[in-house]
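**Student:** Have a look at the structure that comes next, please.
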Protein chains: 2
Amino acid sequence: MEIDFNLREENSFMANIQQVAAQAGVSVATVSRVINQYKNVSTETRLKVEQAIKQLNYEPNLIGRSLRTSQSRLLLVLIPSISNPFYSEIINGIEHIAIQEDYQILLCDTDSDPERERIYFDLLRKRMADGIISMDPAVHINTLNQLSENHPIVQCSEYKPDSNIPYVTIDNETAAYQAVKHLIQSGHEKIALINSDMTYLYAREREMGYKKALKEHGLTVDPNLAFYTSNLSFDQGRQAMKKVFQADTIPSAIFAVSDVLAIGALKEITNHKLRVPEDIALVGFDKIEFSNMTNPALTTVAQPMHKMGVTAATMLIDVIQGKTVDSIKLDHELVLRESTLGS
Amino acid sequence: MEIDFNLREENSFMANIQQVAAQAGVSVATVSRVINQYKNVSTETRLKVEQAIKQLNYEPNLIGRSLRTSQSRLLLVLIPSISNPFYSEIINGIEHIAIQEDYQILLCDTDSDPERERIYFDLLRKRMADGIISMDPAVHINTLNQLSENHPIVQCSEYKPDSNIPYVTIDNETAAYQAVKHLIQSGHEKIALINSDMTYLYAREREMGYKKALKEHGLTVDPNLAFYTSNLSFDQGRQAMKKVFQADTIPSAIFAVSDVLAIGALKEITNHKLRVPEDIALVGFDKIEFSNMTNPALTTVAQPMHKMGVTAATMLIDVIQGKTVDSIKLDHELVLRESTLGS
DNA sequence: ATGAAAGCGCTAACAC
DNA sequence: GTGTTAGCGCTTTCAT
């Protein structure tokens, strides 16, 4: 019973730097130097300290260090929804750099809810984090701009053109243009657009690319063939496709501005006993993992998600370190698969 | 130029509690009381302080607070892969409680890499986080056990039976049993199993349920009908299904221990020009969002993901607060859809 | 090469 | 109801 008690005592005991110093018979400064691998410590002293650290099971307290150094080494990553697979790949890229640079990422799922957004912005204001990577298209840009005057921020994927916050993204207009051009060159003339909310820049840019391709090939832009959704969910894709089927002319091809919307449309097309691509060809956008798992596999525009994450994280850390960074547009790629080619 | 400079000075200026106290003509203790909404502050004083806070644009420094109170209010959430949609829903549940209780979650994507696991465990040891929710089946259980002696930890979904760490999960064996029983009652006698690595408890439990159902209905358990994958990816599901097709007898139904594996199998079945469920019926596990987006929609076992997250987070916060908590198994539900019923 | 001491920003025990 | 002060654990400047 005595032993038990002592064991528990010892286990839950957490040494601090003072105790390590006492145990090793040196000053706290020296212990700190050993922890941080300073060169100007004699081997003999270093050994003593390392032994004391081991004996006491010492782990430096990161909060104490943060307070002293005024940096948390935490990065906020703002996304609208963790369930959206588009962001998963980007986050992988961010994590890659974060780990490498000894940062941690705090995932902030805003649900496009201003209240949740506020909580996360507050974390930055209250110095719990060193910077933000914003990927939420619904972000309150005024707040973000204001915040960026005092805090490191970069935008990833979606950005606001009328802000000075650096961003990494792709050329959405050209990407959409190429996707639609591919449909036209496959012989399609009635091409419907399933787009999301036009308040988002990417939605406007992709629509411009869609229209540009049609015009350039002498096709008329029929407003009745444009369908809009309130978000990028599977269900909204289905609903949009239902509306397509209610229209006067049924298009022979669909360009959806996201894979998830396209997959929703695909489900509805299949329910109508129509075949893709024989009856209706289908193009998505993003190249999420699941775009390859559907029947048929989806033709889509590959965004360099991993690289976007890597770039955004690198940029943010540069900004944190006081460097100046430039915005950048990365390369995309049209990926031709069964939903436009057949199998 | 002067003005510019001053503006920037003012913008990047960050007041601390001392300066607020000076500005308001009170002590730091009083400011702290106002910030933390203590009742014993006169209205007059409170107003003065609040005004000073506004004037100086003061935001309390959470790192300072953390150091003082010895709590970071950060929760680690350990998952094997952020791309796996199974975890998204759970995380939503965890976030729900975390926000409500004024905690933040630090997402830890281990990739089942021991080195990354170590980084995150260190975060706990170094007091950057207050506790861990572990959902990584590949977690090093000895380390976790050891860690749990000094730190709050709960296991979610996957757990190790030979540990004293509380967990929340479902009854995997019964769930699998019911899924396979449904196939048997639909007239199937040759039912293949696509399982993952048997080192995981859930894999063993689900296989037991599969066998139990077969035996109970007088069917023989054919080892040639069990196929194993090295992970839960789409591609592994495809590969497994390829092996099914190479076997002597082609089963009339498949039970896959995860939706993603099932979706991989579905792709391969379709490639073979076979129909689901007419030629081969298919059951998945988890009820991830995408299980409803395939053609046909997947019959699957619904795990109460959101509730699991809510429960795990509640348990962890209880443990942090020194309460004793009990492990719990939540209810699952068999969801019948097109892949076994037809449409 | 090492130590003494200041101080990062906050909370809370204690005094009045 | 308010103020004084110690101290959480660390890094870093300045001596020596």
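Each chain in the structure tokens gets a letter, A, B and so on, in the order shown; residues start at 1 in every chain, and ligands are counted from 1 in the order they appear.
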With a distance threshold of 7 Å and counting only C-alpha atoms (C1' of nucleotides), extract the residues of chain C near chain B and express them as a list of chain:residue names.
**Tutor:** C:DG9, C:DC10, C:DT11
**Student:** What lies within 6 Å of segment 216-231 of chain B using only C-alpha atoms (C1' of nucleotides), ignoring chain neighbours under 3 positions off, as a list in words?
**Tutor:**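 My reading of the contact set: Ala192, Leu193, Ile194, Asn195, Ser196, Asp197, Lys212, Ala213 and Gln236 of chain B.
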**Student:** Among segment 127-218 of chain B, which residues carry a DSSP assignment of alpha helix (DSSP H), reported as JSON, numbers by chain?
**Tutor:** {"B": [141, 142, 143, 144, 145, 146, 147, 148, 149, 150, 172, 173, 174, 175, 176, 177, 178, 179, 180, 181, 182, 183, 184, 185, 201, 202, 203, 204, 205, 206, 207, 208, 209, 210, 211, 212, 213, 214, 215, 216]}
**Student:** So that I have them on file, write out the residues from the current selection with N, CA and C atoms, as a short mmCIF file (atom, residue, chain, number, x, y, z; two decimals), in the first residue's frame.
**Tutor:**
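again.cif, freshly written:
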```cif
data_model
loop_
_atom_site.label_atom_id
_atom_site.label_comp_id
_atom_site.auth_asym_id
_atom_site.auth_seq_id
_atom_site.Cartn_x
_atom_site.Cartn_y
_atom_site.Cartn_z
N ILE B 141 0.37 0.69 -28.04
CA ILE B 141 -0.44 0.62 -26.82
C ILE B 141 0.39 0.75 -25.55
N ASN B 142 1.61 0.25 -25.56
CA ASN B 142 2.43 0.37 -24.35
C ASN B 142 2.69 1.84 -24.01
N THR B 143 3.02 2.59 -25.04
CA THR B 143 3.26 4.01 -24.83
C THR B 143 2.00 4.69 -24.33
N LEU B 144 0.88 4.32 -24.95
CA LEU B 144 -0.39 4.94 -24.56
C LEU B 144 -0.72 4.62 -23.10
N ASN B 145 -0.51 3.37 -22.73
CA ASN B 145 -0.77 2.97 -21.35
C ASN B 145 0.09 3.76 -20.37
N GLN B 146 1.35 3.85 -20.72
CA GLN B 146 2.28 4.56 -19.86
C GLN B 146 1.87 6.02 -19.73
N LEU B 147 1.54 6.60 -20.86
CA LEU B 147 1.13 8.00 -20.90
C LEU B 147 -0.12 8.23 -20.06
N SER B 148 -0.99 7.24 -20.08
CA SER B 148 -2.28 7.41 -19.41
C SER B 148 -2.13 7.39 -17.89
N GLU B 149 -0.97 6.98 -17.42
CA GLU B 149 -0.76 7.02 -15.96
C GLU B 149 -0.69 8.46 -15.47
N ASN B 150 -0.19 9.33 -16.32
CA ASN B 150 -0.03 10.73 -15.92
C ASN B 150 -0.93 11.71 -16.66
N ASN B 172 -18.87 -4.53 -32.29
CA ASN B 172 -18.50 -4.90 -33.66
C ASN B 172 -18.96 -6.31 -34.04
N GLU B 173 -18.86 -7.22 -33.09
CA GLU B 173 -19.22 -8.59 -33.42
C GLU B 173 -20.70 -8.70 -33.76
N THR B 174 -21.54 -8.15 -32.92
CA THR B 174 -22.98 -8.19 -33.17
C THR B 174 -23.34 -7.47 -34.47
N ALA B 175 -22.70 -6.34 -34.69
CA ALA B 175 -22.99 -5.57 -35.91
C ALA B 175 -22.68 -6.41 -37.15
N ALA B 176 -21.52 -7.04 -37.16
CA ALA B 176 -21.12 -7.87 -38.30
C ALA B 176 -22.08 -9.06 -38.43
N TYR B 177 -22.40 -9.64 -37.27
CA TYR B 177 -23.33 -10.77 -37.25
C TYR B 177 -24.64 -10.41 -37.94
N GLN B 178 -25.18 -9.26 -37.58
CA GLN B 178 -26.46 -8.84 -38.15
C GLN B 178 -26.36 -8.57 -39.65
N ALA B 179 -25.25 -8.00 -40.06
CA ALA B 179 -25.07 -7.70 -41.48
C ALA B 179 -25.06 -8.99 -42.29
N VAL B 180 -24.31 -9.96 -41.80
CA VAL B 180 -24.18 -11.23 -42.53
C VAL B 180 -25.49 -12.01 -42.46
N LYS B 181 -26.15 -11.94 -41.33
CA LYS B 181 -27.45 -12.60 -41.18
C LYS B 181 -28.44 -12.06 -42.22
N HIS B 182 -28.39 -10.76 -42.44
CA HIS B 182 -29.25 -10.14 -43.46
C HIS B 182 -28.98 -10.74 -44.83
N LEU B 183 -27.71 -10.97 -45.14
CA LEU B 183 -27.37 -11.58 -46.42
C LEU B 183 -27.89 -13.01 -46.51
N ILE B 184 -27.72 -13.74 -45.39
CA ILE B 184 -28.18 -15.13 -45.37
C ILE B 184 -29.69 -15.20 -45.57
N GLN B 185 -30.38 -14.32 -44.88
CA GLN B 185 -31.84 -14.32 -44.98
C GLN B 185 -32.32 -13.85 -46.34
N LEU B 201 -8.35 -5.09 -33.42
CA LEU B 201 -9.44 -5.71 -32.69
C LEU B 201 -10.74 -5.72 -33.49
N TYR B 202 -11.06 -4.59 -34.12
CA TYR B 202 -12.34 -4.52 -34.85
C TYR B 202 -12.37 -5.56 -35.96
N ALA B 203 -11.22 -5.82 -36.57
CA ALA B 203 -11.16 -6.82 -37.63
C ALA B 203 -11.47 -8.21 -37.08
N ARG B 204 -10.89 -8.50 -35.93
CA ARG B 204 -11.14 -9.82 -35.33
C ARG B 204 -12.59 -9.96 -34.89
N GLU B 205 -13.10 -8.89 -34.29
CA GLU B 205 -14.49 -8.94 -33.80
C GLU B 205 -15.49 -9.09 -34.95
N ARG B 206 -15.25 -8.34 -36.03
CA ARG B 206 -16.20 -8.42 -37.15
C ARG B 206 -16.11 -9.79 -37.82
N GLU B 207 -14.92 -10.34 -37.86
CA GLU B 207 -14.80 -11.68 -38.44
C GLU B 207 -15.54 -12.70 -37.58
N MET B 208 -15.46 -12.52 -36.26
CA MET B 208 -16.19 -13.43 -35.38
C MET B 208 -17.69 -13.35 -35.62
N GLY B 209 -18.19 -12.14 -35.82
CA GLY B 209 -19.61 -11.97 -36.10
C GLY B 209 -20.00 -12.64 -37.41
N TYR B 210 -19.15 -12.49 -38.39
CA TYR B 210 -19.35 -13.11 -39.71
C TYR B 210 -19.45 -14.62 -39.59
N LYS B 211 -18.48 -15.20 -38.86
CA LYS B 211 -18.47 -16.66 -38.70
C LYS B 211 -19.67 -17.15 -37.90
N LYS B 212 -19.99 -16.39 -36.87
CA LYS B 212 -21.09 -16.77 -36.00
C LYS B 212 -22.40 -16.86 -36.79
N ALA B 213 -22.61 -15.86 -37.65
CA ALA B 213 -23.84 -15.85 -38.45
C ALA B 213 -23.90 -17.07 -39.37
N LEU B 214 -22.78 -17.35 -40.02
CA LEU B 214 -22.74 -18.49 -40.93
C LEU B 214 -23.05 -19.78 -40.18
N LYS B 215 -22.32 -19.99 -39.08
CA LYS B 215 -22.50 -21.23 -38.32
C LYS B 215 -23.93 -21.37 -37.83
N GLU B 216 -24.46 -20.30 -37.29
CA GLU B 216 -25.81 -20.35 -36.72
C GLU B 216 -26.85 -20.74 -37.75
#
```
**Student:** Compile the residues of chain D that lie within 7 Å of chain B, evaluated using only C-alpha atoms (C1' of nucleotides), and express the compilation as a list of chain:residue names.
**Tutor:**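 My answer is D:DG1, D:DT2, D:DG3, D:DC8.
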**Student:** Select, as number ranges by chain, those residues of chain A with any atom no more than 7 Å from chain B (distances computed using only C-alpha atoms).
**Tutor:** A: 11-12, 59-64, 66-67, 82-83, 85, 88, 105-107, 125-128, 150, 263-264, 267, 293-295
**Student:** Quick one: write out the picked residues with N, CA and C atoms as a PDB file, in the first residue's frame?
**Tutor:**
```
ATOM      1  N   ASN A  11       5.006   8.697 -10.377  1.00  0.00           N
ATOM      2  CA  ASN A  11       4.526   8.754 -11.743  1.00  0.00           C
ATOM      3  C   ASN A  11       3.969  10.113 -12.114  1.00  0.00           C
ATOM      4  N   SER A  12       3.169  10.654 -11.234  1.00  0.00           N
ATOM      5  CA  SER A  12       2.494  11.890 -11.589  1.00  0.00           C
ATOM      6  C   SER A  12       3.347  13.114 -11.274  1.00  0.00           C
ATOM      7  N   GLU A  59      10.412  16.791 -18.880  1.00  0.00           N
ATOM      8  CA  GLU A  59       9.983  17.245 -20.214  1.00  0.00           C
ATOM      9  C   GLU A  59       9.788  18.753 -20.145  1.00  0.00           C
ATOM     10  N   PRO A  60      10.458  19.494 -20.998  1.00  0.00           N
ATOM     11  CA  PRO A  60      10.303  20.955 -20.951  1.00  0.00           C
ATOM     12  C   PRO A  60       8.849  21.370 -21.175  1.00  0.00           C
ATOM     13  N   ASN A  61       8.415  22.354 -20.441  1.00  0.00           N
ATOM     14  CA  ASN A  61       7.046  22.832 -20.555  1.00  0.00           C
ATOM     15  C   ASN A  61       6.935  23.849 -21.700  1.00  0.00           C
ATOM     16  N   LEU A  62       6.175  23.428 -22.710  1.00  0.00           N
ATOM     17  CA  LEU A  62       6.066  24.250 -23.919  1.00  0.00           C
ATOM     18  C   LEU A  62       5.342  25.571 -23.662  1.00  0.00           C
ATOM     19  N   ILE A  63       4.449  25.573 -22.702  1.00  0.00           N
ATOM     20  CA  ILE A  63       3.701  26.801 -22.410  1.00  0.00           C
ATOM     21  C   ILE A  63       4.653  27.849 -21.820  1.00  0.00           C
ATOM     22  N   GLY A  64       5.496  27.395 -20.909  1.00  0.00           N
ATOM     23  CA  GLY A  64       6.487  28.302 -20.341  1.00  0.00           C
ATOM     24  C   GLY A  64       7.380  28.870 -21.433  1.00  0.00           C
ATOM     25  N   SER A  66       6.679  29.114 -24.604  1.00  0.00           N
ATOM     26  CA  SER A  66       5.898  29.995 -25.467  1.00  0.00           C
ATOM     27  C   SER A  66       5.764  31.387 -24.876  1.00  0.00           C
ATOM     28  N   LEU A  67       5.494  31.428 -23.593  1.00  0.00           N
ATOM     29  CA  LEU A  67       5.313  32.731 -22.951  1.00  0.00           C
ATOM     30  C   LEU A  67       6.586  33.549 -23.070  1.00  0.00           C
ATOM     31  N   ILE A  82     -14.798  19.806 -42.391  1.00  0.00           N
ATOM     32  CA  ILE A  82     -13.794  18.763 -42.380  1.00  0.00           C
ATOM     33  C   ILE A  82     -14.223  17.583 -43.220  1.00  0.00           C
ATOM     34  N   SER A  83     -15.530  17.475 -43.472  1.00  0.00           N
ATOM     35  CA  SER A  83     -16.043  16.340 -44.239  1.00  0.00           C
ATOM     36  C   SER A  83     -15.779  16.482 -45.730  1.00  0.00           C
ATOM     37  N   PRO A  85     -13.730  16.290 -48.726  1.00  0.00           N
ATOM     38  CA  PRO A  85     -12.454  15.638 -48.983  1.00  0.00           C
ATOM     39  C   PRO A  85     -11.457  16.505 -49.743  1.00  0.00           C
ATOM     40  N   SER A  88      -8.852  17.643 -47.336  1.00  0.00           N
ATOM     41  CA  SER A  88      -7.991  16.643 -46.702  1.00  0.00           C
ATOM     42  C   SER A  88      -6.599  16.639 -47.309  1.00  0.00           C
ATOM     43  N   ILE A 105      -0.558  22.064 -36.262  1.00  0.00           N
ATOM     44  CA  ILE A 105      -1.710  22.740 -36.840  1.00  0.00           C
ATOM     45  C   ILE A 105      -2.983  22.482 -36.050  1.00  0.00           C
ATOM     46  N   LEU A 106      -3.712  23.546 -35.889  1.00  0.00           N
ATOM     47  CA  LEU A 106      -4.978  23.526 -35.176  1.00  0.00           C
ATOM     48  C   LEU A 106      -6.055  23.617 -36.238  1.00  0.00           C
ATOM     49  N   LEU A 107      -6.801  22.534 -36.401  1.00  0.00           N
ATOM     50  CA  LEU A 107      -7.793  22.488 -37.456  1.00  0.00           C
ATOM     51  C   LEU A 107      -9.053  23.233 -37.036  1.00  0.00           C
ATOM     52  N   ARG A 125      -5.789  36.352 -32.099  1.00  0.00           N
ATOM     53  CA  ARG A 125      -5.679  37.633 -31.385  1.00  0.00           C
ATOM     54  C   ARG A 125      -5.111  37.425 -29.986  1.00  0.00           C
ATOM     55  N   LYS A 126      -5.476  36.331 -29.393  1.00  0.00           N
ATOM     56  CA  LYS A 126      -5.046  36.068 -28.021  1.00  0.00           C
ATOM     57  C   LYS A 126      -3.744  35.284 -27.976  1.00  0.00           C
ATOM     58  N   ARG A 127      -3.075  35.284 -29.058  1.00  0.00           N
ATOM     59  CA  ARG A 127      -1.718  34.748 -29.173  1.00  0.00           C
ATOM     60  C   ARG A 127      -1.596  33.261 -28.862  1.00  0.00           C
ATOM     61  N   MET A 128      -2.668  32.535 -29.081  1.00  0.00           N
ATOM     62  CA  MET A 128      -2.583  31.092 -28.921  1.00  0.00           C
ATOM     63  C   MET A 128      -2.038  30.469 -30.199  1.00  0.00           C
ATOM     64  N   ASN A 150      -2.061  42.895 -38.282  1.00  0.00           N
ATOM     65  CA  ASN A 150      -1.235  42.584 -37.116  1.00  0.00           C
ATOM     66  C   ASN A 150      -0.767  41.139 -37.049  1.00  0.00           C
ATOM     67  N   ILE A 263     -20.813  14.054 -58.568  1.00  0.00           N
ATOM     68  CA  ILE A 263     -21.199  12.721 -58.097  1.00  0.00           C
ATOM     69  C   ILE A 263     -22.681  12.696 -57.742  1.00  0.00           C
ATOM     70  N   GLY A 264     -23.176  13.790 -57.203  1.00  0.00           N
ATOM     71  CA  GLY A 264     -24.616  13.911 -56.952  1.00  0.00           C
ATOM     72  C   GLY A 264     -25.397  13.860 -58.256  1.00  0.00           C
ATOM     73  N   LYS A 267     -25.509  10.333 -59.659  1.00  0.00           N
ATOM     74  CA  LYS A 267     -26.499   9.481 -58.999  1.00  0.00           C
ATOM     75  C   LYS A 267     -27.879   9.699 -59.625  1.00  0.00           C
ATOM     76  N   MET A 293     -13.592   6.597 -57.733  1.00  0.00           N
ATOM     77  CA  MET A 293     -14.256   5.413 -57.185  1.00  0.00           C
ATOM     78  C   MET A 293     -15.660   5.228 -57.729  1.00  0.00           C
ATOM     79  N   THR A 294     -16.161   6.224 -58.430  1.00  0.00           N
ATOM     80  CA  THR A 294     -17.521   6.143 -58.953  1.00  0.00           C
ATOM     81  C   THR A 294     -17.567   5.284 -60.199  1.00  0.00           C
ATOM     82  N   ASN A 295     -18.757   4.923 -60.598  1.00  0.00           N
ATOM     83  CA  ASN A 295     -18.987   4.229 -61.861  1.00  0.00           C
ATOM     84  C   ASN A 295     -19.846   5.107 -62.751  1.00  0.00           C
TER      85      ASN A 295
END
```
**Student:** Going by DSSP on the backbone, which residues of segment 147-248 of chain A come out as strand (DSSP E)? List them as an MDAnalysis selection string.
**Tutor:** chainID A and resid 153:156 167:170 191:195 226:228
